[in-house]
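Structure first, then comments.
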There are 2 protein chains.
Amino acid sequence: MKSPINAKDVAKLAGVSQSSVSRVYFEGANVSKKTRQKVLAAAEELGYRPNEFARSLITNRTKIIGLVMKGVKNPFYPQVLTQFTNSFKKLGYSILFVHTNSNEIQAEDVEILLNYHVAGVIITDATMSLNVLENFKVNRIPLVFFNRKLSQSNFYSVCCNNLNAGRVIAQYLINQGLEDAVYISGNENTSTSLERERGFREVLAQNELNCTKYVSDYTYEGGYETVLKIIMNKNLPSAFFVANDIMALGTLDALRKQGIQVPEQVKVIGFDNIGMSAWPAYELTTWEQPIEEMVEKTVTYLLSEIVEYTGLADAVEIEGMLIERETA
Amino acid sequence: MKSPINAKDVAKLAGVSQSSVSRVYFEGANVSKKTRQKVLAAAEELGYRPNEFARSLITNRTKIIGLVMKGVKNPFYPQVLTQFTNSFKKLGYSILFVHTNSNEIQAEDVEILLNYHVAGVIITDATMSLNVLENFKVNRIPLVFFNRKLSQSNFYSVCCNNLNAGRVIAQYLINQGLEDAVYISGNENTSTSLERERGFREVLAQNELNCTKYVSDYTYEGGYETVLKIIMNKNLPSAFFVANDIMALGTLDALRKQGIQVPEQVKVIGFDNIGMSAWPAYELTTWEQPIEEMVEKTVTYLLSEIVEYTGLADAVEIEGMLIERETA
DNA sequence: CTGAAAGCGCTTACAG
DNA sequence: CTGAAAGCGCTTACAG
């Protein structure tokens, strides 16, 4: 099976050289109007499209961004996926989507991106061994952690300011007369969960208030089960701070199941502001992650690194905001 | 910027020819154990990985599948996306993700897949002008419509048996003493919505029962607003058949908002069986789409067409099943 | 502005 | 089983 039409075929039909055909499809190249028209007409007739592989091979540049994700059950991530896809589409880049089911991203999942010499990589919602990622440094492929910060790594990361969010949420609850709080965490090895907790505890401690932690896993089911367990032990606090919205929805459903009134008996605050948190069944008070800005920041960094690689690491944090609804 | 390490570098270090290096990475090629070991050792030392572009250029085959999606707000589609990604990963294929916001997929969105000479294409949840797709036929690139059937097109499609599902759902409601029904449709130009309606109406008509249709749009908000409007007009039927789950959840919330009891005053049945329909806040009775089988069927077809292209069209329909919960 | 030619990093007959 | 060589479809100096 051979590729149908190449630049040579077009050149022959148009009566020009293959180089001229190439120039028509290469932005910024010098071609006369007349040549361009002849080439375009011939290309149209033959159905010619430049072979992206040959292009990448010769320029050693690709128009592909690798996007690595762990789970998409949390609606936050599909939203992130589409925003990246749309942003990059405008810039002429395509998205190679890498998904992993396991908790840690596997080396092979990521190494495929090396084979494609992707222009850049975004790793989302993911923990993984760092030595795999060294290969990207070696190959001067820019990489950013989105919504995750790896300690001791020198990779660029873009997050919302989780520490400050935790603080503001704590103060908000205290202003409402908080007595004691429960923090329902996400996976304990994620920076997001840890920093939200740290900011929250910090302000609580300043006010000599207590916070018990229950470790959960960022899933609806996890939130639901965790809260059921808490209720069984009759440890109902005056407020739940839940590390993400999808767990907070599970929290709300568990409380409803047990006939516990929100916010009268207990307040609930989530994190992310996913679409569902605004649904009438939930009306969840939550923290809005500034996805748009986070995506924009990521795209800008990646683009500048594609133009001129520096490998500079930084941890960008963008402020979000509290969204007040009915649960706190 | 030049690519760091190529087969020639490895060959030199290993003391073999570049062809031998190539053979080590090409499955099924003849290489002695000794050569293989030398090459692998040298490759390891240098951090060599075969350039996928050069490979594709010479073999005129790629290991990329293009996956085209319209919206991911409906959790059904992220689920589909990950299943495809995982299935193809096992087979050594990567997913190029194409997303469109507009109602119709744009030609340019799809044409990029032609430039990459993808091995196959899956179009999901999407309407588009057919003449763009002719290019895939010309280039002998297999294409399947997933969860969508285009009339008058001769492309392969994989759906759930929507017609029969509509029939079974109608009969199920009739057995419960249905008097009159409302069908809340999705976008009217989608085969899925149309066929679910057709099966539903068919059985209703056989029983001399009436069905009013309200056109909605497959979104939560659409379902919510539509039902609110129905209630305002005091046209509450004895059952709602809603064309997908996410609209059905909107339906449930709208009814709850108005203090209408489900299933006592009105029954609700959805379609898809997304994870959320099992949540305690909803407990939606619905129709399960056999995603796993649908994905498997799609993958199998694509793979066989990659091996030997026939371009044969067919409309595969897989049976789903009713999931009884609390709303009907 | 244009064409002839070299070369990107591979695969794959071909000869040995 | 191995190496030398041709060639995939492009881009890009180079000369004109």
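We label chains A, B, ... in the order they appear in the structure tokens, count residues from 1 in each chain, and number ligands from 1 in the order shown.
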| task | Apply DSSP to the structure's backbone, then extract all residues of region 222-268 of chain A labelled strand (DSSP E) and return them as an NGL selection string. | result | :A and (239-242 or 267-268)
Residues of chain B no more than 7 Å from chain A, counting only C-alpha atoms: send them over as a ChimeraX atom specification. /B:2-4,49-54,56-57,60,72,78,82,85,95-97,99,115-116,139,253,280-281
I'd like the neighbourhood of Pro142 (chain A) as a PyMOL selection string, where a residue qualifies if any of its atoms comes within 12 Å (using only C-alpha atoms (C1' of nucleotides)), though same-chain residues fewer than 5 positions away should be ignored. chain A and resi 65-66+113-114+117-123+133-137+154-157+298-313
A straight line from CA of Thr124 (chain B) to CA of Leu322 (chain B) spans 23.0 Å
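Reported to one decimal place, the separation of CA of Glu317 (chain B) from CA of Arg148 (chain B) is 10.5 Å.
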- Message: Based on only C-alpha atoms (C1' of nucleotides), which of the residues in chain C come within 7 Å of chain A? I want them as number ranges by chain.
- Response: C: 1, 3, 8
Could you write those residues out with C-alpha atoms (C1' of nucleotides), as an mmCIF file, in the first residue's frame?
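Result file follows (part-v4.cif):
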data_model
loop_
_atom_site.group_PDB
_atom_site.id
_atom_site.type_symbol
_atom_site.label_atom_id
_atom_site.label_comp_id
_atom_site.auth_asym_id
_atom_site.auth_seq_id
_atom_site.Cartn_x
_atom_site.Cartn_y
_atom_site.Cartn_z
ATOM 1 C "C1'" DC C 1 11.462 33.427 -7.389
ATOM 2 C "C1'" DG C 3 15.162 24.029 -9.566
ATOM 3 C "C1'" DC C 8 16.138 13.581 7.938
#
| Neighbour list for DA5 (chain D) as a PyMOL selection string, cut-off 12 Å, only C-alpha atoms (C1' of nucleotides), skip fewer than 5 positions in-chain | (chain B and resi 18-19) or (chain C and resi 11-15)
Subject >> Residues within 8 Å of region 173-183 of chain B, only C-alpha atoms (C1' of nucleotides), excluding chain neighbours under 4 positions, as a VMD selection string >> reply: chain B and resid 169 197 204 209 to 214 237 to 243 328
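Of the residues under consideration (A:Val39, A:Ala29, A:Ile274, A:Val132), A:Val39 shows the shortest atom-to-atom contact distance to Ala7 (chain A) when counting only C-alpha atoms.
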(message) To test your reading of the structure, identify every residue in region 32-272 of chain B that backbone DSSP assigns to alpha helix (DSSP H), and report it as a PyMOL selection string.
(response) chain B and resi 33-46+52-59+76-90+107-115+134-138+162-175+191-206+220-232+245-257
